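Text of start_39.cif, listed as mmCIF, N, CA and C atoms:
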```cif
data_coords
loop_
_atom_site.label_atom_id
_atom_site.label_comp_id
_atom_site.auth_asym_id
_atom_site.auth_seq_id
_atom_site.Cartn_x
_atom_site.Cartn_y
_atom_site.Cartn_z
N MET A 1128 27.17 -59.83 29.99
CA MET A 1128 26.75 -58.61 30.65
C MET A 1128 25.40 -58.85 31.33
N SER A 1129 25.19 -58.14 32.38
CA SER A 1129 23.98 -58.34 33.16
C SER A 1129 22.92 -57.30 32.80
N TYR A 1130 21.72 -57.60 33.20
CA TYR A 1130 20.60 -56.70 32.99
C TYR A 1130 20.87 -55.37 33.69
N ALA A 1131 21.44 -55.41 34.87
CA ALA A 1131 21.70 -54.19 35.65
C ALA A 1131 22.63 -53.25 34.90
N SER A 1132 23.66 -53.79 34.26
CA SER A 1132 24.59 -52.93 33.54
C SER A 1132 23.95 -52.33 32.29
N VAL A 1133 23.10 -53.10 31.61
CA VAL A 1133 22.38 -52.57 30.43
C VAL A 1133 21.41 -51.49 30.88
N LYS A 1134 20.72 -51.75 31.98
CA LYS A 1134 19.77 -50.77 32.52
C LYS A 1134 20.50 -49.48 32.91
N GLU A 1135 21.66 -49.62 33.52
CA GLU A 1135 22.44 -48.47 33.94
C GLU A 1135 22.86 -47.62 32.73
N ARG A 1136 23.35 -48.27 31.67
CA ARG A 1136 23.74 -47.54 30.46
C ARG A 1136 22.53 -46.86 29.81
N THR A 1137 21.38 -47.54 29.83
CA THR A 1137 20.17 -46.97 29.26
C THR A 1137 19.76 -45.73 30.04
N GLU A 1138 19.78 -45.79 31.34
CA GLU A 1138 19.42 -44.65 32.17
C GLU A 1138 20.42 -43.51 31.99
N GLU A 1139 21.69 -43.85 31.84
CA GLU A 1139 22.71 -42.84 31.59
C GLU A 1139 22.45 -42.12 30.27
N LEU A 1140 22.09 -42.88 29.26
CA LEU A 1140 21.75 -42.29 27.95
C LEU A 1140 20.53 -41.40 28.04
N LEU A 1141 19.50 -41.86 28.71
CA LEU A 1141 18.28 -41.05 28.86
C LEU A 1141 18.57 -39.76 29.62
N HIS A 1142 19.41 -39.85 30.63
CA HIS A 1142 19.78 -38.67 31.39
C HIS A 1142 20.56 -37.69 30.51
N LEU A 1143 21.47 -38.19 29.72
CA LEU A 1143 22.25 -37.35 28.82
C LEU A 1143 21.35 -36.68 27.78
N LEU A 1144 20.43 -37.43 27.22
CA LEU A 1144 19.54 -36.89 26.20
C LEU A 1144 18.48 -35.95 26.76
N ALA A 1145 18.25 -35.99 28.06
CA ALA A 1145 17.28 -35.10 28.69
C ALA A 1145 17.83 -33.68 28.84
N ARG A 1146 19.15 -33.56 28.80
CA ARG A 1146 19.76 -32.23 28.91
C ARG A 1146 19.48 -31.43 27.63
N PRO A 1147 19.50 -30.12 27.73
CA PRO A 1147 19.31 -29.30 26.52
C PRO A 1147 20.44 -29.54 25.52
N PHE A 1148 20.08 -29.50 24.25
CA PHE A 1148 21.07 -29.71 23.20
C PHE A 1148 22.02 -28.52 23.17
N PRO A 1149 23.33 -28.74 23.23
CA PRO A 1149 24.30 -27.64 23.28
C PRO A 1149 24.23 -26.74 22.04
N GLN A 1150 24.55 -25.48 22.24
CA GLN A 1150 24.52 -24.50 21.15
C GLN A 1150 25.88 -24.34 20.47
N GLU A 1151 26.94 -24.50 21.21
CA GLU A 1151 28.28 -24.34 20.66
C GLU A 1151 28.71 -25.60 19.90
N ASP A 1152 29.43 -25.40 18.79
CA ASP A 1152 29.83 -26.52 17.94
C ASP A 1152 30.67 -27.56 18.68
N ASP A 1153 31.65 -27.11 19.45
CA ASP A 1153 32.52 -28.05 20.17
C ASP A 1153 31.73 -28.84 21.22
N GLU A 1154 30.83 -28.15 21.91
CA GLU A 1154 30.00 -28.82 22.91
C GLU A 1154 29.08 -29.84 22.24
N ARG A 1155 28.56 -29.48 21.06
CA ARG A 1155 27.69 -30.40 20.32
C ARG A 1155 28.47 -31.65 19.91
N ASP A 1156 29.68 -31.44 19.43
CA ASP A 1156 30.51 -32.58 19.03
C ASP A 1156 30.75 -33.52 20.21
N ASP A 1157 31.08 -32.94 21.37
CA ASP A 1157 31.31 -33.76 22.56
C ASP A 1157 30.03 -34.48 22.98
N PHE A 1158 28.90 -33.78 22.92
CA PHE A 1158 27.61 -34.36 23.28
C PHE A 1158 27.29 -35.54 22.37
N LEU A 1159 27.42 -35.33 21.06
CA LEU A 1159 27.10 -36.40 20.11
C LEU A 1159 28.08 -37.57 20.22
N GLU A 1160 29.33 -37.27 20.52
CA GLU A 1160 30.31 -38.34 20.70
C GLU A 1160 29.97 -39.18 21.93
N ALA A 1161 29.55 -38.52 23.01
CA ALA A 1161 29.17 -39.24 24.23
C ALA A 1161 27.94 -40.11 23.98
N VAL A 1162 26.96 -39.56 23.26
CA VAL A 1162 25.75 -40.33 22.94
C VAL A 1162 26.11 -41.53 22.08
N ASN A 1163 26.92 -41.31 21.07
CA ASN A 1163 27.32 -42.40 20.17
C ASN A 1163 28.08 -43.49 20.92
N CYS A 1164 28.97 -43.09 21.79
CA CYS A 1164 29.76 -44.05 22.58
C CYS A 1164 28.84 -44.88 23.48
N LEU A 1165 27.92 -44.22 24.18
CA LEU A 1165 27.01 -44.94 25.06
C LEU A 1165 26.08 -45.86 24.27
N LEU A 1166 25.61 -45.40 23.11
CA LEU A 1166 24.75 -46.26 22.29
C LEU A 1166 25.50 -47.51 21.84
N GLY A 1167 26.74 -47.34 21.41
CA GLY A 1167 27.55 -48.48 20.98
C GLY A 1167 27.82 -49.45 22.11
N LEU A 1168 28.15 -48.91 23.27
CA LEU A 1168 28.40 -49.75 24.44
C LEU A 1168 27.13 -50.50 24.85
N ARG A 1169 26.02 -49.80 24.87
CA ARG A 1169 24.74 -50.43 25.23
C ARG A 1169 24.39 -51.53 24.23
N GLN A 1170 24.57 -51.25 22.95
CA GLN A 1170 24.25 -52.24 21.92
C GLN A 1170 25.10 -53.50 22.08
N SER A 1171 26.39 -53.32 22.31
CA SER A 1171 27.25 -54.49 22.47
C SER A 1171 26.89 -55.28 23.73
N MET A 1172 26.47 -54.58 24.79
CA MET A 1172 26.05 -55.26 26.01
C MET A 1172 24.77 -56.06 25.78
N ILE A 1173 23.84 -55.48 25.04
CA ILE A 1173 22.59 -56.19 24.74
C ILE A 1173 22.86 -57.42 23.88
N GLU A 1174 23.73 -57.27 22.88
CA GLU A 1174 24.06 -58.41 22.01
C GLU A 1174 24.75 -59.52 22.79
N ALA A 1175 25.61 -59.15 23.73
CA ALA A 1175 26.31 -60.15 24.53
C ALA A 1175 25.36 -60.84 25.51
N SER A 1176 24.29 -60.17 25.88
CA SER A 1176 23.35 -60.72 26.85
C SER A 1176 22.11 -61.31 26.21
N ALA A 1177 22.06 -61.36 24.89
CA ALA A 1177 20.86 -61.81 24.20
C ALA A 1177 20.38 -63.14 24.74
N GLY A 1178 19.10 -63.20 25.07
CA GLY A 1178 18.51 -64.44 25.57
C GLY A 1178 18.60 -64.63 27.07
N SER A 1179 19.37 -63.79 27.75
CA SER A 1179 19.52 -63.98 29.20
C SER A 1179 18.57 -63.10 30.01
N PHE A 1180 17.79 -62.26 29.35
CA PHE A 1180 16.85 -61.39 30.05
C PHE A 1180 15.54 -62.12 30.29
N THR A 1181 14.93 -61.83 31.43
CA THR A 1181 13.60 -62.35 31.68
C THR A 1181 12.61 -61.55 30.84
N THR A 1182 11.39 -62.02 30.78
CA THR A 1182 10.35 -61.33 30.00
C THR A 1182 10.11 -59.94 30.57
N GLU A 1183 10.10 -59.82 31.87
CA GLU A 1183 9.89 -58.53 32.52
C GLU A 1183 11.05 -57.57 32.22
N GLU A 1184 12.26 -58.07 32.29
CA GLU A 1184 13.44 -57.23 31.99
C GLU A 1184 13.43 -56.80 30.53
N ALA A 1185 13.10 -57.72 29.65
CA ALA A 1185 13.07 -57.40 28.22
C ALA A 1185 12.00 -56.36 27.92
N SER A 1186 10.83 -56.48 28.52
CA SER A 1186 9.78 -55.51 28.26
C SER A 1186 10.16 -54.13 28.82
N PHE A 1187 10.84 -54.09 29.96
CA PHE A 1187 11.32 -52.82 30.50
C PHE A 1187 12.33 -52.18 29.54
N LEU A 1188 13.26 -52.98 29.04
CA LEU A 1188 14.27 -52.46 28.11
C LEU A 1188 13.63 -51.99 26.80
N ILE A 1189 12.60 -52.67 26.36
CA ILE A 1189 11.90 -52.25 25.14
C ILE A 1189 11.23 -50.90 25.37
N GLU A 1190 10.63 -50.72 26.52
CA GLU A 1190 9.99 -49.42 26.84
C GLU A 1190 11.05 -48.32 26.92
N GLN A 1191 12.17 -48.63 27.53
CA GLN A 1191 13.25 -47.65 27.62
C GLN A 1191 13.80 -47.33 26.22
N ASP A 1192 13.82 -48.34 25.36
CA ASP A 1192 14.27 -48.15 23.99
C ASP A 1192 13.35 -47.18 23.24
N ARG A 1193 12.05 -47.27 23.51
CA ARG A 1193 11.10 -46.34 22.89
C ARG A 1193 11.38 -44.90 23.34
N LEU A 1194 11.68 -44.74 24.63
CA LEU A 1194 12.02 -43.40 25.13
C LEU A 1194 13.31 -42.89 24.49
N LEU A 1195 14.29 -43.78 24.36
CA LEU A 1195 15.55 -43.41 23.72
C LEU A 1195 15.33 -42.98 22.28
N THR A 1196 14.51 -43.73 21.57
CA THR A 1196 14.23 -43.42 20.17
C THR A 1196 13.57 -42.04 20.05
N ALA A 1197 12.63 -41.74 20.92
CA ALA A 1197 11.97 -40.43 20.90
C ALA A 1197 12.97 -39.31 21.18
N SER A 1198 13.83 -39.52 22.15
CA SER A 1198 14.84 -38.50 22.48
C SER A 1198 15.84 -38.32 21.34
N LEU A 1199 16.26 -39.42 20.73
CA LEU A 1199 17.20 -39.34 19.61
C LEU A 1199 16.55 -38.67 18.40
N ASN A 1200 15.26 -38.91 18.19
CA ASN A 1200 14.55 -38.24 17.10
C ASN A 1200 14.48 -36.74 17.32
N ALA A 1201 14.31 -36.31 18.57
CA ALA A 1201 14.29 -34.89 18.89
C ALA A 1201 15.65 -34.25 18.59
N VAL A 1202 16.72 -34.93 18.97
CA VAL A 1202 18.07 -34.42 18.68
C VAL A 1202 18.29 -34.38 17.16
N SER A 1203 17.86 -35.41 16.48
CA SER A 1203 17.99 -35.47 15.03
C SER A 1203 17.25 -34.32 14.36
N ALA A 1204 16.07 -33.98 14.86
CA ALA A 1204 15.30 -32.88 14.28
C ALA A 1204 16.03 -31.55 14.44
N VAL A 1205 16.66 -31.35 15.58
CA VAL A 1205 17.43 -30.11 15.80
C VAL A 1205 18.60 -30.04 14.83
N ILE A 1206 19.29 -31.16 14.65
CA ILE A 1206 20.43 -31.20 13.74
C ILE A 1206 19.98 -30.95 12.30
N LYS A 1207 18.87 -31.56 11.90
CA LYS A 1207 18.35 -31.36 10.54
C LYS A 1207 17.98 -29.90 10.31
N GLN A 1208 17.38 -29.27 11.31
CA GLN A 1208 17.02 -27.86 11.19
C GLN A 1208 18.28 -27.00 11.03
N ASP A 1209 19.31 -27.30 11.80
CA ASP A 1209 20.57 -26.56 11.68
C ASP A 1209 21.19 -26.75 10.29
N LEU A 1210 21.16 -27.97 9.78
CA LEU A 1210 21.71 -28.24 8.44
C LEU A 1210 20.91 -27.50 7.37
N LYS A 1211 19.60 -27.41 7.54
CA LYS A 1211 18.76 -26.69 6.59
C LYS A 1211 19.12 -25.20 6.60
N GLU A 1212 19.31 -24.64 7.79
CA GLU A 1212 19.68 -23.23 7.90
C GLU A 1212 21.03 -22.98 7.26
N ILE A 1213 21.98 -23.88 7.44
CA ILE A 1213 23.31 -23.73 6.83
C ILE A 1213 23.19 -23.80 5.31
N ALA A 1214 22.40 -24.73 4.80
CA ALA A 1214 22.21 -24.84 3.36
C ALA A 1214 21.57 -23.58 2.79
N ASP A 1215 20.60 -23.01 3.51
CA ASP A 1215 19.97 -21.77 3.07
C ASP A 1215 20.97 -20.62 3.05
N GLN A 1216 21.82 -20.55 4.07
CA GLN A 1216 22.84 -19.50 4.12
C GLN A 1216 23.83 -19.64 2.96
N LYS A 1217 24.22 -20.89 2.66
CA LYS A 1217 25.15 -21.12 1.55
C LYS A 1217 24.52 -20.69 0.22
N ARG A 1218 23.24 -21.02 0.05
CA ARG A 1218 22.55 -20.67 -1.18
C ARG A 1218 22.46 -19.15 -1.34
N LEU A 1219 22.13 -18.46 -0.27
CA LEU A 1219 22.07 -17.00 -0.32
C LEU A 1219 23.44 -16.39 -0.57
N HIS A 1220 24.45 -16.95 0.07
CA HIS A 1220 25.81 -16.44 -0.11
C HIS A 1220 26.26 -16.57 -1.57
N LYS A 1221 25.96 -17.71 -2.18
CA LYS A 1221 26.31 -17.89 -3.59
C LYS A 1221 25.59 -16.89 -4.47
N GLY A 1222 24.36 -16.59 -4.14
CA GLY A 1222 23.61 -15.58 -4.89
C GLY A 1222 24.24 -14.22 -4.76
N TYR A 1223 24.72 -13.88 -3.58
CA TYR A 1223 25.42 -12.62 -3.38
C TYR A 1223 26.70 -12.57 -4.21
N GLU A 1224 27.46 -13.68 -4.20
CA GLU A 1224 28.71 -13.73 -4.94
C GLU A 1224 28.49 -13.53 -6.44
N ARG A 1225 27.44 -14.14 -6.97
CA ARG A 1225 27.15 -14.03 -8.39
C ARG A 1225 26.47 -12.70 -8.72
N GLY A 1226 25.94 -12.05 -7.70
CA GLY A 1226 25.25 -10.79 -7.93
C GLY A 1226 23.89 -10.97 -8.59
N THR A 1227 23.32 -12.14 -8.44
CA THR A 1227 22.05 -12.42 -9.10
C THR A 1227 20.84 -12.19 -8.22
N ILE A 1228 21.04 -12.12 -6.91
CA ILE A 1228 19.89 -11.92 -6.04
C ILE A 1228 20.17 -10.85 -5.01
N LEU A 1229 19.13 -10.17 -4.63
CA LEU A 1229 19.15 -9.30 -3.45
C LEU A 1229 18.32 -10.03 -2.42
N ALA A 1230 18.90 -10.34 -1.29
CA ALA A 1230 18.20 -11.16 -0.31
C ALA A 1230 17.70 -10.33 0.86
N THR A 1231 16.54 -10.68 1.31
CA THR A 1231 16.01 -10.22 2.58
C THR A 1231 15.61 -11.48 3.31
N LYS A 1232 15.31 -11.35 4.55
CA LYS A 1232 15.00 -12.55 5.33
C LYS A 1232 13.75 -13.23 4.76
N GLY A 1233 13.94 -14.41 4.17
CA GLY A 1233 12.84 -15.21 3.69
C GLY A 1233 12.38 -14.90 2.28
N ALA A 1234 12.99 -13.92 1.62
CA ALA A 1234 12.57 -13.59 0.26
C ALA A 1234 13.77 -13.11 -0.53
N PHE A 1235 13.65 -13.15 -1.85
CA PHE A 1235 14.72 -12.61 -2.67
C PHE A 1235 14.13 -11.99 -3.93
N ILE A 1236 14.90 -11.10 -4.52
CA ILE A 1236 14.50 -10.46 -5.77
C ILE A 1236 15.56 -10.80 -6.79
N ASP A 1237 15.15 -11.38 -7.90
CA ASP A 1237 16.07 -11.79 -8.95
C ASP A 1237 16.35 -10.58 -9.83
N GLU A 1238 17.59 -10.08 -9.82
CA GLU A 1238 17.97 -8.90 -10.56
C GLU A 1238 17.92 -9.13 -12.07
N LYS A 1239 18.21 -10.34 -12.53
CA LYS A 1239 18.25 -10.62 -13.97
C LYS A 1239 16.85 -10.68 -14.56
N ALA A 1240 15.85 -10.92 -13.75
CA ALA A 1240 14.48 -11.06 -14.24
C ALA A 1240 13.84 -9.71 -14.54
N ARG A 1241 14.42 -8.63 -14.10
CA ARG A 1241 13.84 -7.30 -14.31
C ARG A 1241 14.01 -6.83 -15.71
#
```
For this file, write the structure as structure tokens.
Amino acid sequence: MSYASVKERTEELLHLLARPFPQEDDERDDFLEAVNCLLGLRQSMIEASAGSFTTEEASFLIEQDRLLTASLNAVSAVIKQDLKEIADQKRLHKGYERGTILATKGAFIDEKAR
């Protein structure tokens, strides 16, 4: 694989990650699948081209990799926040089912402690 094709995949990934993170579950799945596919393709291209890049090309790809990492970390933070909110909702729901807590946003009152 050539430097141009790796650069093209990297730019495609950066462009994809620059878009706002989708709100709908199906759109998120498609977005993450596209990111994962491009990352895998880019990685295999880099591995196939190992050693054939000039110093200038390699340093450019390293800089682009830093940008990719920052963008992926931002997406990861959004996903972690969503997972935290889901876990909080599950915990509150279980409390409702057991009848042990009365919940308000951000606080709860333990009925058994009274």
Point out the residue among A:Ile1189, A:Arg1136, A:Thr1182, A:Val1205 with the least atom-to-atom distance to A:Leu1166, counting all atoms listed in the file.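 When distances to A:Leu1166 are compared using all atoms listed in the file, the smallest one comes from A:Arg1136.
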Report, in Å to a single decimal, how far apart atom CA of A:His1220 and atom CA of A:Arg1155 are.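 Interatomic distance, atom CA of A:Arg1155 to atom CA of A:His1220: 24.8 Å.
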Selection in question (the file shown): the PyMOL selection byres ((chain A and resi 1129) around 8). Which residues does it include, as a VMD selection string? chain A and resid 1128 1130 to 1135 1172 to 1173 1175 to 1176 1179 to 1180
DSSP helix (DSSP H, G or I) residues within chain A, listed as a PyMOL selection string: chain A and resi 1130-1145+1152-1175+1182-1225+1238-1240
Could you pull out the residues in chain A that DSSP calls strand (DSSP E) from the backbone, as a ChimeraX atom specification? /A:1228-1231,1234-1237
State, in Å with one decimal place, the distance from atom C of A:Ser1198 to atom CA of A:Leu1144.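 Computed distance, atom C of A:Ser1198 to atom CA of A:Leu1144, equals 6.3 Å.
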Select, from A:Glu1183, A:Thr1137, A:Pro1147, A:Leu1194, the residue with the minimum atom-to-atom distance to A:Gly1167, counting only C-alpha atoms. A:Thr1137
Go through the shown structure with the PyMOL selection byres (((chain A and resi 1159 and name CA) around 12) and name CA) and write out the matching residues as a PyMOL selection string. chain A and resi 1140+1143-1144+1148-1149+1152-1158+1160-1166+1199+1202-1203+1206
Two-atom distance - atom CA of A:Ala1197, atom CA of A:Glu1139 (Å):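 So the two atoms, atom CA of A:Ala1197 and atom CA of A:Glu1139, lie 15.3 Å apart.
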